[in-house]
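> If you scroll down you'll find the structure; I have some questions about it.
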Amino acid sequence: VAARVAAVALSCLLFGCSSEPGSGAPGDLVVLDAWTRPTPPGSTEAAVYLRVVNGSEVADQLVGGQSDRCMSMLVHETAVDADGVSRMTLATPSELTVPVGGTLELEPSGLHLMCTGLASPLAVGERWSVRLEMAHLGVIGVEVVVEDRV
Amino acid sequence: MSTTPRRRWRRLVVIALAVPVIVAAAGLLALRLFQPHLYSGTVLQAPEIAPPMEGLTLVDGSPVDLVALQGDVVLVYFGYTHCPDVCPTTLSKVAHALDEIGDDADRVHVLVVTVDPERDLPETLETYVTSFDPRMRGVSGSMADTERTASLYGVFFAPGERLGDGYAVDHTATLMGIDTEGHLRIVWPNSLTVSHLASDLEAML
């Protein structure tokens, strides 16, 4: 196990921890399509969107994240009610469970990993690193792409 | 020269085939031309002149003069700059819709009213909204003026959950459209799409 962790860590160092589709071998828990919008000048928050696909044999749970770019990273949930009122709350652990064979989606107007205390703006085309914390698997390195997506 | 019966028969067949095709094509064209545009947002059935935004100003301190904007379409959105998810999602869709309608966007004004006037300085707000599209304008005012204007537009807002070192603001996240006659006419949900908004804007102009 230690050798495998070391191998992953080494490949991360050499090639970067890719969040592109297909980066994980079958049987792994993989993080795909991690992206964030460019941030306006002076903005200190950014919402990170991604998918966690659990191809492993153990259910897992997203706890939060860490990045050198942010002071804190917690998962928030936006809920829009029937009157169109949007409310943002801290996501509950049960909402962040990734069952075996299941996918956890963090997407606009739903769940997002909220970076607060963003040190410098995120520009289109930039890639930045986030360490996702999973309850079972531990820390996964993810590269987040800055994109002007809708 | 007299036409042979065979040729006459062929001509009849051609006419018999062509006439229904032409009638159907003309019918479809008429439908397209005269069918009213189906808006993707909710169309207010008894639209009234959009409420004035009394006390609220643009970044340069000038009042928001909705009457002066009549003849053009005005989009109104209530949001705030510390809003990381739902506001950027909608503002980014608006920016892409403006790009999609090309020069017609010159006749669309986008006003973003802050529901967090205590944190959003006019300059901060302007920087935020213009980062989505330089044609967007920030609108701000005192808490009392903001609350009054929001309620006139049917918009609710209140400080929400404390998150990290700040707080979220719960707010109605719909986009509103004022038509060229100055009526508050369309309300779009935050789930609207770029192409639907673009075609709705074209229809309003």
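Residue numbering restarts at 1 in every chain; chains get A, B, ... in the order shown in the structure tokens, and ligands count up from 1 in that same order.
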Counting only C-alpha atoms, which residues from chain B have an atom at most 8 Å from any atom of chain A, and could you show them as a ChimeraX atom specification?
/B:81-86,89,92-93,124,127-128,131-132,156,160-161,163-164,168-174,189-190,194
> Quick one: pick out all alpha helix (DSSP H) residues within chain B from a backbone DSSP run and write them as a short mmCIF file (atom, residue, chain, number, x, y, z; two decimals) with N, CA, C and O atoms, in the first residue's frame.

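Below is the file that was written, result_12.cif:
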data_model
loop_
_atom_site.label_atom_id
_atom_site.label_comp_id
_atom_site.auth_asym_id
_atom_site.auth_seq_id
_atom_site.Cartn_x
_atom_site.Cartn_y
_atom_site.Cartn_z
N PRO B 5 -51.97 13.46 -75.11
CA PRO B 5 -52.66 13.12 -73.85
C PRO B 5 -51.66 12.71 -72.77
O PRO B 5 -51.84 13.01 -71.60
N ARG B 6 -50.56 12.09 -73.19
CA ARG B 6 -49.60 11.60 -72.21
C ARG B 6 -48.93 12.77 -71.47
O ARG B 6 -48.76 12.76 -70.26
N ARG B 7 -48.56 13.80 -72.30
CA ARG B 7 -47.92 14.97 -71.71
C ARG B 7 -48.88 15.71 -70.77
O ARG B 7 -48.48 16.20 -69.71
N ARG B 8 -50.14 15.80 -71.20
CA ARG B 8 -51.13 16.49 -70.39
C ARG B 8 -51.28 15.75 -69.04
O ARG B 8 -51.39 16.36 -67.99
N TRP B 9 -51.26 14.48 -69.08
CA TRP B 9 -51.39 13.65 -67.88
C TRP B 9 -50.23 13.91 -66.92
O TRP B 9 -50.41 14.10 -65.71
N ARG B 10 -49.03 13.97 -67.56
CA ARG B 10 -47.84 14.20 -66.73
C ARG B 10 -47.92 15.57 -66.04
O ARG B 10 -47.59 15.72 -64.87
N ARG B 11 -48.41 16.56 -66.82
CA ARG B 11 -48.51 17.90 -66.25
C ARG B 11 -49.49 17.91 -65.07
O ARG B 11 -49.25 18.54 -64.04
N LEU B 12 -50.58 17.20 -65.23
CA LEU B 12 -51.57 17.13 -64.15
C LEU B 12 -50.96 16.51 -62.87
O LEU B 12 -51.20 16.99 -61.77
N VAL B 13 -50.14 15.48 -63.10
CA VAL B 13 -49.51 14.83 -61.95
C VAL B 13 -48.59 15.81 -61.22
O VAL B 13 -48.60 15.93 -60.00
N VAL B 14 -47.81 16.56 -62.04
CA VAL B 14 -46.87 17.52 -61.44
C VAL B 14 -47.64 18.55 -60.63
O VAL B 14 -47.29 18.86 -59.47
N ILE B 15 -48.71 19.07 -61.20
CA ILE B 15 -49.50 20.08 -60.49
C ILE B 15 -50.11 19.47 -59.22
O ILE B 15 -50.05 20.06 -58.14
N ALA B 16 -50.63 18.27 -59.36
CA ALA B 16 -51.28 17.61 -58.21
C ALA B 16 -50.29 17.40 -57.07
O ALA B 16 -50.63 17.50 -55.89
N LEU B 17 -49.03 17.17 -57.43
CA LEU B 17 -48.02 16.98 -56.39
C LEU B 17 -47.50 18.30 -55.83
O LEU B 17 -47.28 18.44 -54.63
N ALA B 18 -47.35 19.27 -56.70
CA ALA B 18 -46.72 20.53 -56.30
C ALA B 18 -47.65 21.39 -55.45
O ALA B 18 -47.20 22.02 -54.49
N VAL B 19 -48.94 21.40 -55.79
CA VAL B 19 -49.84 22.31 -55.08
C VAL B 19 -49.86 22.05 -53.57
O VAL B 19 -49.64 22.97 -52.78
N PRO B 20 -50.06 20.82 -53.12
CA PRO B 20 -50.08 20.62 -51.66
C PRO B 20 -48.75 20.98 -50.99
O PRO B 20 -48.74 21.50 -49.87
N VAL B 21 -47.64 20.73 -51.71
CA VAL B 21 -46.33 21.07 -51.14
C VAL B 21 -46.22 22.57 -50.94
O VAL B 21 -45.79 23.06 -49.88
N ILE B 22 -46.62 23.33 -51.98
CA ILE B 22 -46.54 24.80 -51.88
C ILE B 22 -47.46 25.32 -50.78
O ILE B 22 -47.07 26.17 -49.97
N VAL B 23 -48.67 24.77 -50.71
CA VAL B 23 -49.63 25.22 -49.69
C VAL B 23 -49.07 24.92 -48.29
O VAL B 23 -49.10 25.78 -47.40
N ALA B 24 -48.50 23.75 -48.13
CA ALA B 24 -47.95 23.38 -46.82
C ALA B 24 -46.79 24.29 -46.44
O ALA B 24 -46.69 24.77 -45.30
N ALA B 25 -45.91 24.58 -47.40
CA ALA B 25 -44.76 25.44 -47.13
C ALA B 25 -45.22 26.84 -46.74
O ALA B 25 -44.72 27.44 -45.79
N ALA B 26 -46.23 27.34 -47.47
CA ALA B 26 -46.74 28.69 -47.18
C ALA B 26 -47.38 28.70 -45.79
O ALA B 26 -47.20 29.66 -45.02
N GLY B 27 -48.08 27.61 -45.47
CA GLY B 27 -48.72 27.52 -44.16
C GLY B 27 -47.69 27.54 -43.05
O GLY B 27 -47.84 28.27 -42.07
N LEU B 28 -46.63 26.77 -43.22
CA LEU B 28 -45.57 26.72 -42.21
C LEU B 28 -44.91 28.08 -42.03
O LEU B 28 -44.65 28.52 -40.91
N LEU B 29 -44.67 28.75 -43.16
CA LEU B 29 -44.06 30.07 -43.12
C LEU B 29 -44.96 31.04 -42.36
O LEU B 29 -44.51 31.79 -41.49
N ALA B 30 -46.28 30.97 -42.66
CA ALA B 30 -47.24 31.86 -42.00
C ALA B 30 -47.25 31.57 -40.50
O ALA B 30 -47.26 32.50 -39.68
N LEU B 31 -47.20 30.29 -40.15
CA LEU B 31 -47.19 29.93 -38.74
C LEU B 31 -45.99 30.53 -38.02
O LEU B 31 -46.08 31.09 -36.95
N ARG B 32 -44.85 30.39 -38.70
CA ARG B 32 -43.60 30.92 -38.11
C ARG B 32 -43.67 32.42 -37.94
O ARG B 32 -43.19 32.98 -36.98
N LEU B 33 -44.26 33.08 -38.96
CA LEU B 33 -44.29 34.55 -38.95
C LEU B 33 -45.29 35.08 -37.94
O LEU B 33 -45.06 36.10 -37.30
N PHE B 34 -46.43 34.39 -37.82
CA PHE B 34 -47.50 34.99 -37.03
C PHE B 34 -47.70 34.35 -35.66
O PHE B 34 -48.39 34.88 -34.82
N VAL B 86 -24.89 30.85 -7.36
CA VAL B 86 -26.08 31.12 -8.16
C VAL B 86 -25.96 32.45 -8.94
O VAL B 86 -26.36 32.52 -10.10
N CYS B 87 -25.34 33.49 -8.34
CA CYS B 87 -25.20 34.77 -9.05
C CYS B 87 -24.25 34.66 -10.25
O CYS B 87 -24.62 35.05 -11.36
N PRO B 88 -23.04 34.10 -10.06
CA PRO B 88 -22.16 33.96 -11.23
C PRO B 88 -22.78 33.08 -12.32
O PRO B 88 -22.57 33.33 -13.50
N THR B 89 -23.55 32.08 -11.90
CA THR B 89 -24.17 31.20 -12.90
C THR B 89 -25.13 32.00 -13.78
O THR B 89 -25.06 31.94 -15.01
N THR B 90 -26.00 32.78 -13.14
CA THR B 90 -26.97 33.56 -13.92
C THR B 90 -26.30 34.67 -14.70
O THR B 90 -26.57 34.86 -15.90
N LEU B 91 -25.39 35.42 -14.06
CA LEU B 91 -24.74 36.54 -14.75
C LEU B 91 -23.91 36.05 -15.94
O LEU B 91 -23.84 36.71 -16.99
N SER B 92 -23.33 34.89 -15.79
CA SER B 92 -22.55 34.33 -16.87
C SER B 92 -23.46 33.91 -18.04
O SER B 92 -23.12 34.10 -19.21
N LYS B 93 -24.64 33.39 -17.71
CA LYS B 93 -25.60 33.07 -18.77
C LYS B 93 -26.06 34.34 -19.50
O LYS B 93 -26.18 34.35 -20.72
N VAL B 94 -26.31 35.40 -18.73
CA VAL B 94 -26.73 36.67 -19.35
C VAL B 94 -25.63 37.17 -20.28
O VAL B 94 -25.91 37.57 -21.42
N ALA B 95 -24.38 37.11 -19.82
CA ALA B 95 -23.25 37.57 -20.64
C ALA B 95 -23.18 36.80 -21.95
O ALA B 95 -23.00 37.37 -23.03
N HIS B 96 -23.34 35.47 -21.87
CA HIS B 96 -23.29 34.65 -23.09
C HIS B 96 -24.49 34.94 -24.00
O HIS B 96 -24.35 34.92 -25.22
N ALA B 97 -25.65 35.19 -23.41
CA ALA B 97 -26.84 35.51 -24.23
C ALA B 97 -26.63 36.83 -24.96
O ALA B 97 -27.01 36.98 -26.13
N LEU B 98 -26.01 37.81 -24.28
CA LEU B 98 -25.73 39.10 -24.94
C LEU B 98 -24.80 38.89 -26.13
O LEU B 98 -25.00 39.46 -27.21
N ASP B 99 -23.79 38.04 -25.93
CA ASP B 99 -22.86 37.74 -27.03
C ASP B 99 -23.61 37.08 -28.20
O ASP B 99 -23.34 37.36 -29.36
N GLU B 100 -24.56 36.21 -27.84
CA GLU B 100 -25.27 35.46 -28.87
C GLU B 100 -26.14 36.35 -29.75
O GLU B 100 -26.35 36.03 -30.92
N PRO B 122 -20.13 50.46 -4.07
CA PRO B 122 -20.49 50.63 -5.48
C PRO B 122 -19.36 50.22 -6.44
O PRO B 122 -19.61 49.58 -7.45
N GLU B 123 -18.12 50.57 -6.09
CA GLU B 123 -16.98 50.25 -6.97
C GLU B 123 -16.73 48.74 -7.03
O GLU B 123 -16.44 48.19 -8.09
N THR B 124 -16.86 48.08 -5.85
CA THR B 124 -16.66 46.63 -5.80
C THR B 124 -17.70 45.93 -6.67
O THR B 124 -17.40 45.01 -7.43
N LEU B 125 -18.94 46.41 -6.53
CA LEU B 125 -20.04 45.82 -7.28
C LEU B 125 -19.83 46.00 -8.78
O LEU B 125 -20.01 45.07 -9.57
N GLU B 126 -19.41 47.22 -9.17
CA GLU B 126 -19.20 47.51 -10.59
C GLU B 126 -18.08 46.62 -11.16
O GLU B 126 -18.21 46.08 -12.26
N THR B 127 -17.01 46.47 -10.41
CA THR B 127 -15.91 45.60 -10.86
C THR B 127 -16.41 44.17 -11.03
O THR B 127 -16.09 43.49 -12.00
N TYR B 128 -17.22 43.74 -10.07
CA TYR B 128 -17.76 42.37 -10.11
C TYR B 128 -18.64 42.17 -11.35
O TYR B 128 -18.41 41.24 -12.11
N VAL B 129 -19.62 43.06 -11.55
CA VAL B 129 -20.57 42.82 -12.65
C VAL B 129 -19.92 43.00 -14.03
O VAL B 129 -20.20 42.26 -14.95
N THR B 130 -19.01 43.98 -14.14
CA THR B 130 -18.39 44.20 -15.45
C THR B 130 -17.40 43.09 -15.80
O THR B 130 -17.02 42.95 -16.96
N SER B 131 -17.00 42.29 -14.81
CA SER B 131 -16.12 41.17 -15.13
C SER B 131 -16.89 40.09 -15.90
O SER B 131 -16.29 39.30 -16.61
N PHE B 132 -18.20 40.06 -15.75
CA PHE B 132 -19.02 39.12 -16.54
C PHE B 132 -19.24 39.67 -17.94
O PHE B 132 -19.16 38.97 -18.94
N MET B 143 -29.68 50.34 2.77
CA MET B 143 -30.44 49.13 3.06
C MET B 143 -31.94 49.40 2.91
O MET B 143 -32.67 48.60 2.32
N ALA B 144 -32.40 50.57 3.41
CA ALA B 144 -33.83 50.87 3.36
C ALA B 144 -34.31 51.00 1.90
O ALA B 144 -35.34 50.44 1.52
N ASP B 145 -33.55 51.73 1.08
CA ASP B 145 -33.94 51.89 -0.33
C ASP B 145 -33.87 50.57 -1.09
O ASP B 145 -34.69 50.29 -1.96
N THR B 146 -32.88 49.74 -0.73
CA THR B 146 -32.74 48.43 -1.39
C THR B 146 -33.92 47.54 -1.02
O THR B 146 -34.50 46.88 -1.88
N GLU B 147 -34.28 47.55 0.27
CA GLU B 147 -35.41 46.72 0.71
C GLU B 147 -36.71 47.15 0.04
O GLU B 147 -37.49 46.31 -0.40
N ARG B 148 -36.91 48.48 -0.06
CA ARG B 148 -38.16 48.95 -0.67
C ARG B 148 -38.21 48.55 -2.14
O ARG B 148 -39.21 48.02 -2.63
N THR B 149 -37.11 48.78 -2.86
CA THR B 149 -37.08 48.45 -4.28
C THR B 149 -37.28 46.95 -4.49
O THR B 149 -38.06 46.53 -5.34
N ALA B 150 -36.57 46.15 -3.69
CA ALA B 150 -36.68 44.69 -3.83
C ALA B 150 -38.13 44.25 -3.64
O ALA B 150 -38.65 43.45 -4.42
N SER B 151 -38.80 44.80 -2.63
CA SER B 151 -40.17 44.35 -2.39
C SER B 151 -41.08 44.78 -3.54
O SER B 151 -42.00 44.05 -3.91
N LEU B 152 -40.81 45.94 -4.14
CA LEU B 152 -41.61 46.36 -5.30
C LEU B 152 -41.43 45.41 -6.48
O LEU B 152 -42.32 45.23 -7.31
N VAL B 194 -28.88 29.77 -21.90
CA VAL B 194 -28.36 30.89 -22.70
C VAL B 194 -29.19 31.06 -23.97
O VAL B 194 -29.62 32.17 -24.31
N SER B 195 -29.46 29.95 -24.68
CA SER B 195 -30.14 30.09 -25.97
C SER B 195 -31.60 30.53 -25.78
O SER B 195 -32.11 31.32 -26.57
N HIS B 196 -32.25 30.06 -24.73
CA HIS B 196 -33.62 30.52 -24.47
C HIS B 196 -33.65 32.00 -24.14
O HIS B 196 -34.50 32.73 -24.63
N LEU B 197 -32.71 32.44 -23.31
CA LEU B 197 -32.68 33.85 -22.95
C LEU B 197 -32.39 34.69 -24.19
O LEU B 197 -33.03 35.72 -24.41
N ALA B 198 -31.45 34.23 -25.01
CA ALA B 198 -31.11 34.98 -26.23
C ALA B 198 -32.33 35.11 -27.13
O ALA B 198 -32.63 36.20 -27.63
N SER B 199 -33.09 34.03 -27.32
CA SER B 199 -34.24 34.13 -28.21
C SER B 199 -35.36 34.95 -27.58
O SER B 199 -36.08 35.66 -28.26
N ASP B 200 -35.49 34.89 -26.24
CA ASP B 200 -36.47 35.75 -25.58
C ASP B 200 -36.10 37.23 -25.74
O ASP B 200 -36.97 38.08 -25.96
N LEU B 201 -34.82 37.54 -25.63
CA LEU B 201 -34.37 38.93 -25.77
C LEU B 201 -34.67 39.42 -27.19
O LEU B 201 -35.16 40.54 -27.38
N GLU B 202 -34.37 38.58 -28.18
CA GLU B 202 -34.65 38.94 -29.58
C GLU B 202 -36.13 39.24 -29.76
O GLU B 202 -36.52 40.18 -30.45
N ALA B 203 -36.98 38.40 -29.13
CA ALA B 203 -38.43 38.58 -29.28
C ALA B 203 -38.90 39.86 -28.59
O ALA B 203 -39.85 40.51 -29.03
N MET B 204 -38.22 40.23 -27.49
CA MET B 204 -38.63 41.45 -26.76
C MET B 204 -38.24 42.71 -27.51
O MET B 204 -38.85 43.75 -27.33
#
> Using only C-alpha atoms, can you tell me which of B:Ala158, B:Val108, B:Leu184, B:Val43 comes closest to Gly71 of chain B?
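Of the candidates, the smallest distance to Gly71 of chain B is held by B:Val108.
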> Using only C-alpha atoms for the distances, tell me which of B:Val112, B:Pro52, B:Gly154, B:Ile186 is nearest to Leu69 of chain B.
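Nearest candidate to Leu69 of chain B out of B:Val112, B:Pro52, B:Gly154, B:Ile186: B:Pro52.
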> I'd like the neighbourhood of Asp106 of chain B as a PyMOL selection string, where a residue qualifies if any of its atoms comes within 10 Å (using only C-alpha atoms), though same-chain residues fewer than 5 positions away should be ignored.
chain B and resi 72-73+98+101+135
> Taking the DSSP assignment computed from this structure's backbone, write out as an MDAnalysis selection string all residues of segment 9-119 of chain A that belong to strand (DSSP E or B).
chainID A and resid 29:36 45:54 60:66 72:80 85:90 97:98 103:106 111:116
> Export C-alpha atoms of the chosen residues as an mmCIF file, in the first residue's frame?

data_model
loop_
_atom_site.group_PDB
_atom_site.id
_atom_site.type_symbol
_atom_site.label_atom_id
_atom_site.label_comp_id
_atom_site.auth_asym_id
_atom_site.auth_seq_id
_atom_site.Cartn_x
_atom_site.Cartn_y
_atom_site.Cartn_z
ATOM 1 C CA LEU A 29 -12.468 6.344 -6.814
ATOM 2 C CA VAL A 30 -11.798 9.128 -9.318
ATOM 3 C CA VAL A 31 -12.467 12.832 -9.492
ATOM 4 C CA LEU A 32 -13.460 14.084 -12.926
ATOM 5 C CA ASP A 33 -14.052 17.410 -14.610
ATOM 6 C CA ALA A 34 -13.002 19.712 -11.769
ATOM 7 C CA TRP A 35 -13.562 23.304 -12.828
ATOM 8 C CA THR A 36 -14.225 26.764 -11.503
ATOM 9 C CA GLU A 45 -14.633 33.317 -3.002
ATOM 10 C CA ALA A 46 -14.777 30.685 -5.697
ATOM 11 C CA ALA A 47 -17.057 27.705 -6.199
ATOM 12 C CA VAL A 48 -15.369 24.518 -7.388
ATOM 13 C CA TYR A 49 -17.454 22.000 -9.328
ATOM 14 C CA LEU A 50 -16.497 18.385 -9.954
ATOM 15 C CA ARG A 51 -17.698 14.788 -10.064
ATOM 16 C CA VAL A 52 -16.552 12.034 -7.760
ATOM 17 C CA VAL A 53 -17.068 8.628 -9.365
ATOM 18 C CA ASN A 54 -16.761 5.706 -7.030
ATOM 19 C CA ASP A 60 -16.870 7.030 0.624
ATOM 20 C CA GLN A 61 -17.752 10.539 1.625
ATOM 21 C CA LEU A 62 -16.445 13.931 0.590
ATOM 22 C CA VAL A 63 -15.439 15.870 3.687
ATOM 23 C CA GLY A 64 -13.931 19.038 2.246
ATOM 24 C CA GLY A 65 -10.770 20.253 0.657
ATOM 25 C CA GLN A 66 -7.618 22.259 1.030
ATOM 26 C CA SER A 72 -10.849 27.134 3.756
ATOM 27 C CA MET A 73 -12.770 24.778 1.514
ATOM 28 C CA LEU A 74 -16.094 23.370 2.650
ATOM 29 C CA VAL A 75 -18.933 21.910 0.654
ATOM 30 C CA HIS A 76 -21.932 24.205 0.392
ATOM 31 C CA GLU A 77 -25.319 23.585 -1.028
ATOM 32 C CA THR A 78 -27.442 26.055 -2.947
ATOM 33 C CA ALA A 79 -31.143 25.286 -2.842
ATOM 34 C CA VAL A 80 -33.673 27.277 -4.848
ATOM 35 C CA VAL A 85 -35.413 32.099 -3.425
ATOM 36 C CA SER A 86 -31.851 30.812 -3.298
ATOM 37 C CA ARG A 87 -30.379 29.725 0.034
ATOM 38 C CA MET A 88 -26.838 28.576 0.667
ATOM 39 C CA THR A 89 -26.078 26.194 3.508
ATOM 40 C CA LEU A 90 -23.322 23.879 4.625
ATOM 41 C CA THR A 97 -21.764 10.212 0.356
ATOM 42 C CA VAL A 98 -20.509 8.478 -2.779
ATOM 43 C CA THR A 103 -21.340 9.484 -8.528
ATOM 44 C CA LEU A 104 -21.384 12.620 -6.424
ATOM 45 C CA GLU A 105 -21.962 15.694 -8.573
ATOM 46 C CA LEU A 106 -20.920 19.162 -7.527
ATOM 47 C CA LEU A 111 -23.390 21.450 -4.397
ATOM 48 C CA HIS A 112 -20.039 23.226 -4.661
ATOM 49 C CA LEU A 113 -16.738 23.158 -2.886
ATOM 50 C CA MET A 114 -16.500 26.699 -1.607
ATOM 51 C CA CYS A 115 -13.093 28.293 -1.535
ATOM 52 C CA THR A 116 -13.095 31.201 0.891
#
> Could you please determine the separation between atom CA of Ala91 of chain A and atom CA of Trp128 of chain A in Å, to one decimal place?
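Atom CA of Ala91 of chain A sits 23.4 Å away from atom CA of Trp128 of chain A.
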> Excluding same-chain residues fewer than 4 positions from Thr114 of chain B, what lies within 8 Å of it counting only C-alpha atoms, as a ChimeraX atom specification?
/B:78-81,120,125,138-140,146
> Find the distance between atom CA of Ser129 of chain A and atom CA of Val142 of chain A and write it in Å to one decimal.
5.8 Å
